[in-house]
Amino acid sequence: MISVIIWLLSLVGFWLLCIVTARHRKLFYLKPLSQRAEQSYKITGFILLSIALVCTSLMPNPIDGILAWFGILTFASLFISALIALRKQRVQARKSCRQ
């Protein structure tokens, strides 16, 4: 159960860090962010990743928890990367259909 919570925290943290970049916002048709909003998204993303790391201390062996955290971070980042790649592919397919 704790692994699911860590994965969700990592997923949302990576998503917030992803949305900070202008090209990813443009890819998902999101509005431009103000400088203050970008800063708050970055800070919140890093805080969520840190909370996920702290949650690993709830596991019976903290060393194994940290190793699990790195594995969970890997899968969360792969999920976000796959989502971005899928979105790029769909946007390019729409552009080619219009031409």
# chains A, B, ... in the order shown; residues from 1 in each chain; ligands from 1

call {"tool": "residues_around", "arguments": {"residues": "Gln39 of chain A", "least_positions_apart": "4", "cutoff": "12 Å", "atoms": "only C-alpha atoms", "output": "PyMOL selection string"}}
result
chain A and resi 16-17+19-21+33-35+43-46

call {"tool": "residues_around", "arguments": {"residues": "segment 53-69 of chain A", "least_positions_apart": "2", "cutoff": "10 Å", "atoms": "only C-alpha atoms", "output": "list in words"}}
result
Ile2, Ser3, Ile5, Ile6, Trp7, Leu9, Ser10, Ile47, Leu48, Leu49, Ser50, Ile51, Gly71, Ile72, Leu73, Thr74 and Phe75 of chain A

call {"tool": "write_last_selection", "arguments": {"atoms": "C-alpha atoms", "output": "PDB file, in the first residue's frame"}}
result
ATOM      1  CA  ILE A   2       2.789   2.407   0.861  1.00  0.00           C
ATOM      2  CA  SER A   3       4.372   1.711  -2.536  1.00  0.00           C
ATOM      3  CA  ILE A   5       1.253   6.114  -2.268  1.00  0.00           C
ATOM      4  CA  ILE A   6       4.925   6.654  -3.101  1.00  0.00           C
ATOM      5  CA  TRP A   7       4.210   6.005  -6.793  1.00  0.00           C
ATOM      6  CA  LEU A   9       3.339  11.154  -5.068  1.00  0.00           C
ATOM      7  CA  SER A  10       6.209  10.619  -7.505  1.00  0.00           C
ATOM      8  CA  ILE A  47       8.302  18.624  -2.162  1.00  0.00           C
ATOM      9  CA  LEU A  48       6.127  15.754  -3.386  1.00  0.00           C
ATOM     10  CA  LEU A  49       9.193  13.784  -4.433  1.00  0.00           C
ATOM     11  CA  SER A  50      10.726  14.485  -1.021  1.00  0.00           C
ATOM     12  CA  ILE A  51       7.558  13.350   0.754  1.00  0.00           C
ATOM     13  CA  GLY A  71      12.646   1.966  -8.609  1.00  0.00           C
ATOM     14  CA  ILE A  72       9.305   3.684  -8.165  1.00  0.00           C
ATOM     15  CA  LEU A  73      10.799   6.965  -9.410  1.00  0.00           C
ATOM     16  CA  THR A  74      12.005   5.132 -12.484  1.00  0.00           C
ATOM     17  CA  PHE A  75       8.554   3.762 -13.281  1.00  0.00           C
TER      18      PHE A  75
END

call {"tool": "select_by_dssp", "arguments": {"residues": "chain A", "states": "alpha helix (DSSP H)", "output": "MDAnalysis selection string"}}
result
chainID A and resid 2:19 22:27 35:55 62:98

call {"tool": "write_last_selection", "arguments": {"atoms": "C-alpha atoms", "output": "JSON list (two decimals), in the first residue's frame"}}
result
[["chain", "number", "residue", "atom", "x", "y", "z"],
["A", 2, "ILE", "CA", 2.79, 2.41, 0.86],
["A", 3, "SER", "CA", 4.37, 1.71, -2.54],
["A", 4, "VAL", "CA", 1.21, 2.90, -4.28],
["A", 5, "ILE", "CA", 1.25, 6.11, -2.27],
["A", 6, "ILE", "CA", 4.93, 6.65, -3.10],
["A", 7, "TRP", "CA", 4.21, 6.00, -6.79],
["A", 8, "LEU", "CA", 1.30, 8.48, -6.84],
["A", 9, "LEU", "CA", 3.34, 11.15, -5.07],
["A", 10, "SER", "CA", 6.21, 10.62, -7.50],
["A", 11, "LEU", "CA", 3.88, 10.67, -10.49],
["A", 12, "VAL", "CA", 2.27, 13.97, -9.48],
["A", 13, "GLY", "CA", 5.67, 15.44, -8.58],
["A", 14, "PHE", "CA", 7.13, 14.56, -11.97],
["A", 15, "TRP", "CA", 3.99, 15.82, -13.72],
["A", 16, "LEU", "CA", 4.32, 19.21, -12.00],
["A", 17, "LEU", "CA", 7.98, 19.40, -12.96],
["A", 18, "CYS", "CA", 7.06, 18.46, -16.52],
["A", 19, "ILE", "CA", 4.39, 21.14, -16.82],
["A", 22, "ALA", "CA", 6.92, 25.68, -22.02],
["A", 23, "ARG", "CA", 7.06, 23.01, -24.72],
["A", 24, "HIS", "CA", 5.20, 20.49, -22.56],
["A", 25, "ARG", "CA", 2.54, 23.05, -21.68],
["A", 26, "LYS", "CA", 2.17, 23.79, -25.39],
["A", 27, "LEU", "CA", 1.95, 20.08, -26.17],
["A", 35, "GLN", "CA", 7.01, 33.24, -13.18],
["A", 36, "ARG", "CA", 5.51, 32.83, -9.73],
["A", 37, "ALA", "CA", 3.35, 29.89, -10.80],
["A", 38, "GLU", "CA", 6.33, 28.18, -12.43],
["A", 39, "GLN", "CA", 8.31, 28.57, -9.23],
["A", 40, "SER", "CA", 5.48, 27.18, -7.11],
["A", 41, "TYR", "CA", 5.04, 24.20, -9.48],
["A", 42, "LYS", "CA", 8.76, 23.42, -9.20],
["A", 43, "ILE", "CA", 8.79, 23.70, -5.44],
["A", 44, "THR", "CA", 5.62, 21.60, -5.09],
["A", 45, "GLY", "CA", 7.02, 18.94, -7.43],
["A", 46, "PHE", "CA", 10.23, 18.64, -5.44],
["A", 47, "ILE", "CA", 8.30, 18.62, -2.16],
["A", 48, "LEU", "CA", 6.13, 15.75, -3.39],
["A", 49, "LEU", "CA", 9.19, 13.78, -4.43],
["A", 50, "SER", "CA", 10.73, 14.49, -1.02],
["A", 51, "ILE", "CA", 7.56, 13.35, 0.75],
["A", 52, "ALA", "CA", 7.71, 10.15, -1.27],
["A", 53, "LEU", "CA", 11.26, 9.65, -0.03],
["A", 54, "VAL", "CA", 10.20, 10.28, 3.56],
["A", 55, "CYS", "CA", 7.40, 7.74, 3.15],
["A", 62, "PRO", "CA", 14.62, 2.03, 5.37],
["A", 63, "ILE", "CA", 17.51, 0.95, 3.12],
["A", 64, "ASP", "CA", 15.19, -1.29, 1.14],
["A", 65, "GLY", "CA", 12.69, 1.56, 1.12],
["A", 66, "ILE", "CA", 15.17, 3.93, -0.50],
["A", 67, "LEU", "CA", 15.98, 1.32, -3.14],
["A", 68, "ALA", "CA", 12.26, 0.85, -3.74],
["A", 69, "TRP", "CA", 11.91, 4.64, -4.00],
["A", 70, "PHE", "CA", 14.47, 4.77, -6.81],
["A", 71, "GLY", "CA", 12.65, 1.97, -8.61],
["A", 72, "ILE", "CA", 9.31, 3.68, -8.16],
["A", 73, "LEU", "CA", 10.80, 6.96, -9.41],
["A", 74, "THR", "CA", 12.00, 5.13, -12.48],
["A", 75, "PHE", "CA", 8.55, 3.76, -13.28],
["A", 76, "ALA", "CA", 6.86, 7.10, -12.58],
["A", 77, "SER", "CA", 9.26, 8.93, -14.90],
["A", 78, "LEU", "CA", 8.81, 6.28, -17.59],
["A", 79, "PHE", "CA", 5.04, 6.69, -17.31],
["A", 80, "ILE", "CA", 5.28, 10.47, -17.70],
["A", 81, "SER", "CA", 7.72, 10.06, -20.62],
["A", 82, "ALA", "CA", 5.38, 7.60, -22.32],
["A", 83, "LEU", "CA", 2.47, 9.99, -21.82],
["A", 84, "ILE", "CA", 4.45, 12.81, -23.42],
["A", 85, "ALA", "CA", 5.55, 10.61, -26.32],
["A", 86, "LEU", "CA", 1.99, 9.43, -26.92],
["A", 87, "ARG", "CA", 0.73, 12.99, -26.88],
["A", 88, "LYS", "CA", 3.42, 14.09, -29.36],
["A", 89, "GLN", "CA", 2.48, 11.22, -31.64],
["A", 90, "ARG", "CA", -1.20, 12.14, -31.53],
["A", 91, "VAL", "CA", -0.51, 15.82, -32.21],
["A", 92, "GLN", "CA", 1.70, 14.94, -35.18],
["A", 93, "ALA", "CA", -0.96, 12.54, -36.52],
["A", 94, "ARG", "CA", -3.58, 15.29, -36.33],
["A", 95, "LYS", "CA", -1.28, 17.70, -38.16],
["A", 96, "SER", "CA", -0.62, 15.19, -40.93],
["A", 97, "CYS", "CA", -4.34, 14.46, -41.34],
["A", 98, "ARG", "CA", -5.10, 18.14, -41.77]]

call {"tool": "decode", "arguments": {"residues": "segment 69-98 of chain A", "atoms": "C-alpha atoms", "output": "PDB file, in the first residue's frame"}}
result
ATOM      1  CA  TRP A  69      11.912   4.644  -4.001  1.00  0.00           C
ATOM      2  CA  PHE A  70      14.471   4.767  -6.807  1.00  0.00           C
ATOM      3  CA  GLY A  71      12.646   1.966  -8.609  1.00  0.00           C
ATOM      4  CA  ILE A  72       9.305   3.684  -8.165  1.00  0.00           C
ATOM      5  CA  LEU A  73      10.799   6.965  -9.410  1.00  0.00           C
ATOM      6  CA  THR A  74      12.005   5.132 -12.484  1.00  0.00           C
ATOM      7  CA  PHE A  75       8.554   3.762 -13.281  1.00  0.00           C
ATOM      8  CA  ALA A  76       6.857   7.095 -12.578  1.00  0.00           C
ATOM      9  CA  SER A  77       9.260   8.927 -14.897  1.00  0.00           C
ATOM     10  CA  LEU A  78       8.807   6.283 -17.586  1.00  0.00           C
ATOM     11  CA  PHE A  79       5.036   6.690 -17.308  1.00  0.00           C
ATOM     12  CA  ILE A  80       5.283  10.474 -17.701  1.00  0.00           C
ATOM     13  CA  SER A  81       7.721  10.056 -20.620  1.00  0.00           C
ATOM     14  CA  ALA A  82       5.376   7.601 -22.317  1.00  0.00           C
ATOM     15  CA  LEU A  83       2.471   9.992 -21.822  1.00  0.00           C
ATOM     16  CA  ILE A  84       4.447  12.813 -23.422  1.00  0.00           C
ATOM     17  CA  ALA A  85       5.552  10.612 -26.323  1.00  0.00           C
ATOM     18  CA  LEU A  86       1.987   9.430 -26.917  1.00  0.00           C
ATOM     19  CA  ARG A  87       0.726  12.994 -26.880  1.00  0.00           C
ATOM     20  CA  LYS A  88       3.417  14.088 -29.360  1.00  0.00           C
ATOM     21  CA  GLN A  89       2.479  11.220 -31.644  1.00  0.00           C
ATOM     22  CA  ARG A  90      -1.205  12.135 -31.534  1.00  0.00           C
ATOM     23  CA  VAL A  91      -0.512  15.817 -32.209  1.00  0.00           C
ATOM     24  CA  GLN A  92       1.698  14.938 -35.185  1.00  0.00           C
ATOM     25  CA  ALA A  93      -0.956  12.544 -36.523  1.00  0.00           C
ATOM     26  CA  ARG A  94      -3.575  15.293 -36.327  1.00  0.00           C
ATOM     27  CA  LYS A  95      -1.282  17.699 -38.160  1.00  0.00           C
ATOM     28  CA  SER A  96      -0.623  15.188 -40.935  1.00  0.00           C
ATOM     29  CA  CYS A  97      -4.343  14.459 -41.336  1.00  0.00           C
ATOM     30  CA  ARG A  98      -5.103  18.137 -41.771  1.00  0.00           C
TER      31      ARG A  98
END
